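See below for my_file.cif, which holds mmCIF, C-alpha atoms.
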data_final
loop_
_atom_site.group_PDB
_atom_site.id
_atom_site.type_symbol
_atom_site.label_atom_id
_atom_site.label_comp_id
_atom_site.auth_asym_id
_atom_site.auth_seq_id
_atom_site.Cartn_x
_atom_site.Cartn_y
_atom_site.Cartn_z
ATOM 1 C CA MET Y 1 0.317 -5.426 1.743
ATOM 2 C CA VAL Y 2 0.617 -2.641 -0.790
ATOM 3 C CA LYS Y 3 0.591 -2.562 -4.579
ATOM 4 C CA HIS Y 4 3.256 -0.409 -6.203
ATOM 5 C CA PHE Y 5 3.247 1.020 -9.681
ATOM 6 C CA CYS Y 6 5.799 3.128 -11.467
ATOM 7 C CA CYS Y 7 5.945 4.584 -14.945
ATOM 8 C CA THR Y 8 7.508 7.395 -16.941
ATOM 9 C CA GLY Y 9 5.773 9.438 -19.604
ATOM 10 C CA VAL Y 10 6.806 12.240 -21.913
ATOM 11 C CA LEU Y 11 4.876 15.303 -23.015
ATOM 12 C CA LYS Y 12 6.202 17.000 -26.138
ATOM 13 C CA SER Y 13 5.975 20.470 -24.630
ATOM 14 C CA THR Y 14 8.409 22.515 -22.568
ATOM 15 C CA TRP Y 15 8.506 22.274 -18.793
ATOM 16 C CA ASP Y 16 7.142 25.838 -18.513
ATOM 17 C CA GLN Y 17 4.199 24.985 -20.768
ATOM 18 C CA VAL Y 18 3.451 21.756 -18.893
ATOM 19 C CA CYS Y 19 3.506 23.510 -15.510
ATOM 20 C CA THR Y 20 1.206 26.225 -16.842
ATOM 21 C CA ALA Y 21 -1.117 23.541 -18.251
ATOM 22 C CA PHE Y 22 -1.026 21.708 -14.907
ATOM 23 C CA TRP Y 23 -3.117 24.486 -13.353
ATOM 24 C CA GLN Y 24 -5.518 24.569 -16.302
ATOM 25 C CA ARG Y 25 -5.968 20.879 -17.011
ATOM 26 C CA TYR Y 26 -9.546 20.701 -15.753
ATOM 27 C CA PRO Y 27 -11.944 20.406 -17.390
ATOM 28 C CA ASN Y 28 -10.940 18.340 -20.391
ATOM 29 C CA PRO Y 29 -12.793 15.631 -22.347
ATOM 30 C CA TYR Y 30 -11.106 12.914 -20.225
ATOM 31 C CA SER Y 31 -11.952 14.421 -16.862
ATOM 32 C CA ASN Y 32 -15.743 14.082 -16.667
ATOM 33 C CA HIS Y 33 -15.290 12.290 -13.360
ATOM 34 C CA VAL Y 34 -13.720 15.423 -11.791
ATOM 35 C CA LEU Y 35 -16.605 17.430 -10.362
ATOM 36 C CA THR Y 36 -14.982 20.350 -8.525
ATOM 37 C CA GLU Y 37 -11.531 21.854 -8.180
ATOM 38 C CA ASP Y 38 -10.306 24.333 -5.556
ATOM 39 C CA ILE Y 39 -7.018 25.787 -4.401
ATOM 40 C CA VAL Y 40 -7.202 25.666 -0.591
ATOM 41 C CA PHE Y 41 -3.660 26.738 0.224
ATOM 42 C CA ARG Y 42 -0.948 28.530 -1.687
ATOM 43 C CA GLU Y 43 2.167 30.500 -0.954
ATOM 44 C CA VAL Y 44 5.560 31.399 -2.375
ATOM 45 C CA THR Y 45 8.350 30.235 -0.081
ATOM 46 C CA PRO Y 46 11.397 32.378 0.813
ATOM 47 C CA ASN Y 47 13.425 30.421 -1.776
ATOM 48 C CA ASN Y 48 10.841 31.228 -4.445
ATOM 49 C CA CYS Y 49 9.091 27.876 -4.713
ATOM 50 C CA LEU Y 50 5.329 27.801 -5.191
ATOM 51 C CA VAL Y 51 3.603 25.431 -2.765
ATOM 52 C CA SER Y 52 -0.073 24.716 -3.324
ATOM 53 C CA ARG Y 53 -2.791 22.417 -2.136
ATOM 54 C CA ARG Y 54 -5.642 21.590 -4.475
ATOM 55 C CA LEU Y 55 -8.864 19.913 -3.346
ATOM 56 C CA LEU Y 56 -10.717 17.856 -5.948
ATOM 57 C CA THR Y 57 -14.072 16.131 -5.825
ATOM 58 C CA LYS Y 58 -14.337 13.121 -8.073
ATOM 59 C CA THR Y 59 -17.117 10.628 -8.718
ATOM 60 C CA SER Y 60 -16.530 7.497 -6.712
ATOM 61 C CA ARG Y 61 -16.848 4.649 -9.179
ATOM 62 C CA ALA Y 62 -16.717 1.280 -7.471
ATOM 63 C CA PRO Y 63 -17.612 -1.990 -9.222
ATOM 64 C CA ARG Y 64 -20.837 -3.654 -8.058
ATOM 65 C CA TRP Y 65 -19.086 -6.389 -6.092
ATOM 66 C CA MET Y 66 -17.295 -3.706 -4.073
ATOM 67 C CA GLU Y 67 -20.332 -1.512 -3.528
ATOM 68 C CA ARG Y 68 -21.934 -3.917 -1.078
ATOM 69 C CA TYR Y 69 -18.964 -3.426 1.249
ATOM 70 C CA LEU Y 70 -19.363 0.341 1.227
ATOM 71 C CA PRO Y 71 -21.113 1.721 4.319
ATOM 72 C CA LYS Y 72 -24.599 2.949 3.432
ATOM 73 C CA HIS Y 73 -23.855 6.530 4.445
ATOM 74 C CA MET Y 74 -20.703 6.725 2.313
ATOM 75 C CA SER Y 75 -20.848 9.465 -0.264
ATOM 76 C CA SER Y 76 -20.817 8.722 -3.966
ATOM 77 C CA SER Y 77 -18.133 11.339 -4.490
ATOM 78 C CA ALA Y 78 -14.576 11.181 -3.219
ATOM 79 C CA TYR Y 79 -12.317 13.962 -1.931
ATOM 80 C CA ILE Y 80 -8.750 14.064 -3.161
ATOM 81 C CA ILE Y 81 -5.889 16.316 -2.107
ATOM 82 C CA GLU Y 82 -3.052 17.237 -4.441
ATOM 83 C CA ASP Y 83 -0.039 18.967 -2.898
ATOM 84 C CA SER Y 84 2.586 20.419 -5.206
ATOM 85 C CA VAL Y 85 5.893 22.258 -5.135
ATOM 86 C CA VAL Y 86 7.017 24.155 -8.242
ATOM 87 C CA ASP Y 87 10.703 25.153 -8.285
ATOM 88 C CA PRO Y 88 11.328 27.463 -11.254
ATOM 89 C CA GLN Y 89 15.064 27.650 -10.467
ATOM 90 C CA LYS Y 90 15.663 23.902 -10.655
ATOM 91 C CA GLN Y 91 12.801 23.511 -13.169
ATOM 92 C CA THR Y 92 11.202 20.680 -11.277
ATOM 93 C CA MET Y 93 7.677 20.149 -10.016
ATOM 94 C CA THR Y 94 6.774 17.508 -7.440
ATOM 95 C CA THR Y 95 3.199 16.531 -6.712
ATOM 96 C CA LEU Y 96 1.606 14.192 -4.211
ATOM 97 C CA THR Y 97 -2.020 13.192 -4.637
ATOM 98 C CA TRP Y 98 -4.079 11.037 -2.306
ATOM 99 C CA ASN Y 99 -7.692 10.439 -1.308
ATOM 100 C CA ILE Y 100 -8.898 11.698 2.058
ATOM 101 C CA SER Y 101 -12.260 9.955 1.823
ATOM 102 C CA HIS Y 102 -12.955 6.221 1.335
ATOM 103 C CA ALA Y 103 -9.355 5.736 2.521
ATOM 104 C CA ARG Y 104 -10.005 2.632 4.594
ATOM 105 C CA LEU Y 105 -11.725 0.996 1.641
ATOM 106 C CA MET Y 106 -8.893 1.872 -0.709
ATOM 107 C CA SER Y 107 -6.039 4.331 -0.441
ATOM 108 C CA VAL Y 108 -4.200 5.522 -3.536
ATOM 109 C CA GLU Y 109 -1.138 7.755 -3.213
ATOM 110 C CA GLU Y 110 0.484 9.052 -6.352
ATOM 111 C CA ARG Y 111 3.779 10.929 -6.419
ATOM 112 C CA CYS Y 112 4.927 12.627 -9.635
ATOM 113 C CA GLN Y 113 8.082 14.420 -10.681
ATOM 114 C CA TYR Y 114 7.973 16.752 -13.674
ATOM 115 C CA ARG Y 115 11.322 17.672 -15.114
ATOM 116 C CA ILE Y 116 12.956 18.577 -18.424
ATOM 117 C CA ASN Y 117 13.428 15.473 -20.566
ATOM 118 C CA PRO Y 118 17.165 14.676 -20.463
ATOM 119 C CA GLU Y 119 17.169 13.684 -24.150
ATOM 120 C CA ASN Y 120 15.180 16.636 -25.466
ATOM 121 C CA SER Y 121 15.130 19.912 -23.582
ATOM 122 C CA SER Y 122 11.898 20.985 -25.333
ATOM 123 C CA TRP Y 123 10.039 18.057 -23.794
ATOM 124 C CA THR Y 124 8.928 17.208 -20.269
ATOM 125 C CA GLU Y 125 9.351 13.898 -18.515
ATOM 126 C CA ILE Y 126 6.857 12.796 -15.862
ATOM 127 C CA THR Y 127 7.879 10.053 -13.457
ATOM 128 C CA ARG Y 128 4.929 8.574 -11.611
ATOM 129 C CA GLU Y 129 4.870 6.272 -8.572
ATOM 130 C CA ALA Y 130 1.744 4.952 -6.931
ATOM 131 C CA ARG Y 131 0.995 3.018 -3.760
ATOM 132 C CA ILE Y 132 -2.377 1.309 -3.513
ATOM 133 C CA SER Y 133 -3.590 -0.317 -0.320
ATOM 134 C CA SER Y 134 -6.840 -1.457 1.237
ATOM 135 C CA GLY Y 135 -7.839 -2.034 4.861
ATOM 136 C CA VAL Y 136 -10.882 -4.218 4.192
ATOM 137 C CA PHE Y 137 -10.383 -7.528 5.985
ATOM 138 C CA GLY Y 138 -10.362 -10.468 3.592
ATOM 139 C CA LEU Y 139 -10.796 -8.330 0.475
ATOM 140 C CA SER Y 140 -7.680 -6.207 0.372
ATOM 141 C CA ARG Y 141 -6.145 -8.128 -2.510
ATOM 142 C CA PRO Y 142 -9.040 -7.850 -5.017
ATOM 143 C CA ILE Y 143 -9.593 -4.229 -4.004
ATOM 144 C CA GLN Y 144 -5.930 -3.429 -4.588
ATOM 145 C CA GLU Y 145 -6.028 -5.203 -7.963
ATOM 146 C CA PHE Y 146 -9.087 -3.168 -8.915
ATOM 147 C CA GLY Y 147 -7.362 -0.009 -7.706
ATOM 148 C CA LEU Y 148 -4.230 -0.738 -9.695
ATOM 149 C CA SER Y 149 -6.192 -1.488 -12.856
ATOM 150 C CA ARG Y 150 -8.207 1.714 -12.507
ATOM 151 C CA PHE Y 151 -5.059 3.701 -11.765
ATOM 152 C CA LYS Y 152 -3.434 2.557 -15.005
ATOM 153 C CA THR Y 153 -6.516 3.683 -16.948
ATOM 154 C CA SER Y 154 -6.481 7.008 -15.180
ATOM 155 C CA VAL Y 155 -2.813 7.575 -16.083
ATOM 156 C CA THR Y 156 -3.740 7.268 -19.770
ATOM 157 C CA LYS Y 157 -6.609 9.725 -19.291
ATOM 158 C CA THR Y 158 -4.340 12.130 -17.413
ATOM 159 C CA MET Y 159 -1.789 12.191 -20.222
ATOM 160 C CA LYS Y 160 -4.479 12.580 -22.902
ATOM 161 C CA GLY Y 161 -6.043 15.363 -20.868
ATOM 162 C CA PHE Y 162 -2.684 17.111 -20.658
ATOM 163 C CA GLU Y 163 -2.134 16.780 -24.407
ATOM 164 C CA TYR Y 164 -5.594 18.216 -25.065
ATOM 165 C CA VAL Y 165 -5.020 21.240 -22.823
ATOM 166 C CA LEU Y 166 -1.491 21.835 -24.157
ATOM 167 C CA ALA Y 167 -2.785 21.744 -27.738
ATOM 168 C CA LYS Y 168 -5.508 24.246 -26.849
ATOM 169 C CA MET Y 169 -3.011 26.528 -25.108
ATOM 170 C CA GLN Y 170 -0.761 26.447 -28.159
ATOM 171 C CA GLY Y 171 -3.674 27.337 -30.424
ATOM 172 C CA GLU Y 172 -3.905 23.923 -32.078
ATOM 173 C CA THR Y 173 -7.185 22.106 -32.650
ATOM 174 C CA PRO Y 174 -6.909 18.707 -30.966
ATOM 175 C CA SER Y 175 -9.086 17.151 -33.703
ATOM 176 C CA ARG Y 176 -8.007 13.554 -33.219
ATOM 177 C CA THR Y 177 -8.738 13.793 -29.535
ATOM 178 C CA LEU Y 178 -12.196 15.208 -30.247
ATOM 179 C CA ALA Y 179 -12.978 12.342 -32.634
ATOM 180 C CA GLU Y 180 -11.923 9.824 -29.960
ATOM 181 C CA THR Y 181 -14.051 11.652 -27.434
ATOM 182 C CA ALA Y 182 -17.072 11.652 -29.746
ATOM 183 C CA THR Y 183 -16.733 7.887 -30.317
ATOM 184 C CA GLU Y 184 -16.297 7.254 -26.609
ATOM 185 C CA ARG Y 185 -19.336 9.344 -25.723
ATOM 186 C CA ALA Y 186 -21.473 7.664 -28.393
ATOM 187 C CA ARG Y 187 -20.485 4.302 -26.971
ATOM 188 C CA GLU Y 188 -21.283 5.404 -23.395
ATOM 189 C CA THR Y 189 -24.623 6.833 -24.487
ATOM 190 C CA ALA Y 190 -25.587 3.622 -26.281
ATOM 191 C CA LEU Y 191 -24.589 1.532 -23.275
ATOM 192 C CA ALA Y 192 -26.500 3.744 -20.832
ATOM 193 C CA ALA Y 193 -29.588 3.603 -23.025
ATOM 194 C CA LYS Y 194 -29.334 -0.194 -23.307
ATOM 195 C CA GLU Y 195 -29.072 -0.599 -19.527
ATOM 196 C CA LYS Y 196 -31.970 1.761 -18.957
ATOM 197 C CA ALA Y 197 -34.094 -0.127 -21.493
ATOM 198 C CA LYS Y 198 -33.271 -3.436 -19.817
ATOM 199 C CA ASP Y 199 -34.284 -2.089 -16.410
ATOM 200 C CA LEU Y 200 -37.494 -0.603 -17.714
ATOM 201 C CA ALA Y 201 -38.387 -3.774 -19.612
ATOM 202 C CA SER Y 202 -37.848 -5.980 -16.583
ATOM 203 C CA HIS Y 203 -39.822 -3.569 -14.403
ATOM 204 C CA ALA Y 204 -42.657 -3.553 -16.912
ATOM 205 C CA GLN Y 205 -42.676 -7.327 -17.097
ATOM 206 C CA LYS Y 206 -42.943 -7.606 -13.311
ATOM 207 C CA LYS Y 207 -45.859 -5.135 -13.277
ATOM 208 C CA GLN Y 208 -47.789 -7.211 -15.759
ATOM 209 C CA TYR Y 209 -48.001 -10.121 -13.372
ATOM 210 C CA VAL Y 210 -48.990 -8.142 -10.265
ATOM 211 C CA MET Q 1 -37.828 9.533 -27.586
ATOM 212 C CA ARG Q 2 -38.053 6.074 -29.052
ATOM 213 C CA VAL Q 3 -40.984 3.741 -28.301
ATOM 214 C CA LEU Q 4 -40.259 0.019 -28.219
ATOM 215 C CA ARG Q 5 -43.122 -2.442 -28.381
ATOM 216 C CA SER Q 6 -42.751 -5.645 -26.419
ATOM 217 C CA SER Q 7 -43.892 -9.045 -27.555
ATOM 218 C CA PHE Q 8 -46.566 -9.426 -24.848
ATOM 219 C CA GLY Q 9 -50.243 -10.036 -25.660
ATOM 220 C CA PRO Q 10 -52.476 -7.279 -27.141
ATOM 221 C CA ARG Q 11 -54.143 -6.360 -23.811
ATOM 222 C CA HIS Q 12 -50.862 -6.002 -21.973
ATOM 223 C CA ARG Q 13 -48.471 -4.067 -24.058
ATOM 224 C CA PRO Q 14 -46.052 -2.153 -21.881
ATOM 225 C CA VAL Q 15 -44.517 0.742 -23.680
ATOM 226 C CA VAL Q 16 -40.856 1.203 -23.044
ATOM 227 C CA PHE Q 17 -39.443 4.619 -23.618
ATOM 228 C CA VAL Q 18 -35.780 4.842 -24.277
ATOM 229 C CA PRO Q 19 -34.692 8.232 -23.018
ATOM 230 C CA CYS Q 20 -32.522 10.361 -25.220
ATOM 231 C CA VAL Q 21 -29.305 10.913 -23.333
ATOM 232 C CA ARG Q 22 -28.153 14.312 -24.445
ATOM 233 C CA ARG Q 23 -24.604 15.262 -23.672
ATOM 234 C CA SER Q 24 -22.758 18.306 -24.763
ATOM 235 C CA SER Q 25 -20.063 17.588 -27.284
ATOM 236 C CA SER Q 26 -17.492 19.737 -25.489
ATOM 237 C CA PRO Q 27 -16.514 20.040 -21.809
ATOM 238 C CA PRO Q 28 -17.882 22.956 -19.752
ATOM 239 C CA PRO Q 29 -15.759 26.120 -20.024
ATOM 240 C CA ASP Q 30 -14.519 26.138 -16.403
ATOM 241 C CA MET Q 31 -14.572 24.036 -13.280
ATOM 242 C CA ASN Q 32 -16.874 24.659 -10.359
ATOM 243 C CA SER Q 33 -15.843 25.174 -6.770
ATOM 244 C CA VAL Q 34 -16.849 22.716 -4.050
ATOM 245 C CA GLY Q 35 -18.731 25.673 -2.563
ATOM 246 C CA GLU Q 36 -21.409 26.562 -5.088
ATOM 247 C CA ALA Q 37 -21.336 30.218 -4.029
ATOM 248 C CA CYS Q 38 -17.557 30.396 -4.530
ATOM 249 C CA THR Q 39 -17.389 29.427 -8.221
ATOM 250 C CA ASP Q 40 -17.276 32.995 -9.574
ATOM 251 C CA LEU Q 41 -14.635 34.004 -7.022
ATOM 252 C CA LYS Q 42 -12.632 30.893 -7.891
ATOM 253 C CA ARG Q 43 -12.725 31.652 -11.624
ATOM 254 C CA GLU Q 44 -11.711 35.259 -11.080
ATOM 255 C CA TYR Q 45 -8.755 34.164 -8.950
ATOM 256 C CA ASP Q 46 -7.763 31.401 -11.409
ATOM 257 C CA GLN Q 47 -7.613 33.894 -14.285
ATOM 258 C CA CYS Q 48 -5.346 36.193 -12.296
ATOM 259 C CA PHE Q 49 -3.160 33.328 -11.063
ATOM 260 C CA ASN Q 50 -2.692 31.709 -14.504
ATOM 261 C CA ARG Q 51 -1.494 35.004 -15.936
ATOM 262 C CA TRP Q 52 0.856 35.708 -13.006
ATOM 263 C CA PHE Q 53 2.223 32.159 -13.030
ATOM 264 C CA ALA Q 54 3.131 32.108 -16.734
ATOM 265 C CA GLU Q 55 4.226 35.742 -17.159
ATOM 266 C CA GLN Q 56 5.909 36.464 -13.831
ATOM 267 C CA PHE Q 57 6.573 33.512 -11.578
ATOM 268 C CA LEU Q 58 8.100 31.167 -14.167
ATOM 269 C CA LYS Q 59 10.223 34.016 -15.572
ATOM 270 C CA GLY Q 60 11.736 34.772 -12.172
ATOM 271 C CA ASP Q 61 9.870 38.048 -11.784
ATOM 272 C CA ARG Q 62 9.421 38.588 -8.050
ATOM 273 C CA SER Q 63 7.936 42.046 -8.359
ATOM 274 C CA GLY Q 64 4.759 41.151 -6.496
ATOM 275 C CA ASP Q 65 1.579 39.124 -6.584
ATOM 276 C CA PRO Q 66 -1.381 40.936 -8.154
ATOM 277 C CA CYS Q 67 -3.757 38.190 -7.012
ATOM 278 C CA THR Q 68 -3.531 38.612 -3.217
ATOM 279 C CA ASP Q 69 -6.922 40.290 -2.851
ATOM 280 C CA SER Q 70 -8.868 37.949 -5.110
ATOM 281 C CA PHE Q 71 -7.182 34.971 -3.397
ATOM 282 C CA ARG Q 72 -8.159 36.226 0.053
ATOM 283 C CA THR Q 73 -11.823 36.714 -0.952
ATOM 284 C CA TYR Q 74 -11.946 33.316 -2.641
ATOM 285 C CA GLN Q 75 -10.331 31.560 0.329
ATOM 286 C CA ARG Q 76 -12.791 33.087 2.816
ATOM 287 C CA CYS Q 77 -15.613 31.581 0.775
ATOM 288 C CA VAL Q 78 -14.122 28.159 0.056
ATOM 289 C CA GLN Q 79 -12.821 27.525 3.585
ATOM 290 C CA LYS Q 80 -16.327 28.179 4.912
ATOM 291 C CA ALA Q 81 -17.772 25.762 2.327
ATOM 292 C CA ILE Q 82 -15.236 23.104 3.369
ATOM 293 C CA LYS Q 83 -16.274 23.496 7.030
ATOM 294 C CA ASP Q 84 -19.981 23.433 6.170
ATOM 295 C CA LYS Q 85 -19.565 20.240 4.167
ATOM 296 C CA ASP Q 86 -17.345 18.619 6.803
ATOM 297 C CA ILE Q 87 -14.585 17.873 4.324
ATOM 298 C CA PRO Q 88 -11.751 16.360 6.441
ATOM 299 C CA ILE Q 89 -8.983 18.644 5.299
ATOM 300 C CA ASP Q 90 -7.922 20.129 8.654
ATOM 301 C CA GLY Q 91 -4.734 18.853 10.200
ATOM 302 C CA VAL Q 92 -3.585 17.096 7.024
ATOM 303 C CA ASP Q 93 0.152 17.834 6.794
ATOM 304 C CA PHE Q 94 1.571 19.205 3.570
ATOM 305 C CA MET Q 95 2.813 16.237 1.511
ATOM 306 C CA GLY Q 96 1.390 14.362 4.486
ATOM 307 C CA PRO Q 97 1.158 10.656 3.579
ATOM 308 C CA ASN Q 98 4.679 10.661 2.161
ATOM 309 C CA LYS Q 99 6.416 12.013 5.219
ATOM 310 C CA ASP Q 100 7.205 8.646 6.790
ATOM 311 C CA GLN Q 101 8.071 6.854 3.590
ATOM 312 C CA PRO Q 102 11.682 5.775 3.212
ATOM 313 C CA GLU Q 103 13.492 6.993 0.112
ATOM 314 C CA THR Q 104 13.748 4.222 -2.496
#

Please lay out the structure from this file as structure tokens.
Amino acid sequence: MVKHFCCTGVLKSTWDQVCTAFWQRYPNPYSNHVLTEDIVFREVTPNNCLVSRRLLTKTSRAPRWMERYLPKHMSSSAYIIEDSVVDPQKQTMTTLTWNISHARLMSVEERCQYRINPENSSWTEITREARISSGVFGLSRPIQEFGLSRFKTSVTKTMKGFEYVLAKMQGETPSRTLAETATERARETALAAKEKAKDLASHAQKKQYV
Amino acid sequence: MRVLRSSFGPRHRPVVFVPCVRRSSSPPPDMNSVGEACTDLKREYDQCFNRWFAEQFLKGDRSGDPCTDSFRTYQRCVQKAIKDKDIPIDGVDFMGPNKDQPET
């Protein structure tokens, strides 16, 4: 059983600008979970298409209920491959992204098409399809639901990340984005501090009675 | 550092320190490579590629790739790092998982 997801988004920049930004979209304020980025294969084909393979390392964020099903030796970071074909003649870019680690636990494949928006030639349309599956016996459904929910959040982050990088490339100050980021970070910091305090307090309380 | 006092008795008063979580307000300037020693080579190649991509490739200029040397040096480093870290990238077909999918 596989979960499918499909959506279309628009970036208000030209296809050329979006493709250029595609290679420069890390880091951005929405990509703190992306730890490393490498091109591991690239060539220009005889018909002048650019084919590339990018290897990403991302933090592997599983909810607590899922963590107990992870093998003890499993790494806390995940490896993801992103293959892409850029065709400057047809002005299309196709990408396929999937995880090559943790795949039995949960596999997410995302296929995207970047093309000129048919209604506005100065904009770019991104069509996104995802397939989410899990091989864990008896838990595949909740894992897929979790995967789908996280994927939807990551789509929002991807688009915001793109907008941030495009604004920077065009010499604009993405001030609204920075304000959102600052609020988000303040919230995360407060939450992390609260959790840490709780842990320390409970640890201290236990020590008292030893 | 903030010190919180608990409500335990006077002889047992655990002191809880709330650490200051300092984060930079802006993202780091560039990404790192999966091979720590390859980061500088990666950044040098990326700079060359980004310029070539925007100014030549997208404009249909096929006059040549100025980044061949920096790419070769970078690849030597990163492929070794991938082997050393046992990253399972070998034998994965290009656009691999999608090959058997029917068109919808």

Just the residues within 12 Å of Y:Glu109, please, counting all atoms listed in the file, with nothing from its chain fewer than 5 positions along; format it as a PyMOL selection string. (chain Y and resi 2-6+80-83+95-100+103+128-134+147-148+151) or (chain Q and resi 95-98+101)

What residues come out when you apply the PyMOL selection byres ((chain Q and resi 43) around 10) to this file, written as a PyMOL selection string? (chain Y and resi 38) or (chain Q and resi 30-33+38-42+44-49+70+74)

Could you please determine the separation between atom CA of Q:Lys85 and atom CA of Y:Ser52 in Å, to one decimal place?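 If I compute the distance from atom CA of Q:Lys85 to atom CA of Y:Ser52, I get 21.4 Å.
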
Distance query Y:Tyr79 at most 8 Å, all atoms listed in the file, self and fewer than 6 positions along chain excluded, as a PyMOL selection string: (chain Y and resi 55-58+99-101) or (chain Q and resi 87)

Nearest to chain Y, restricted to only C-alpha atoms and choosing among Q:Cys67, Q:Cys77, Q:Val92, Q:Val34, comes out as Q:Val34
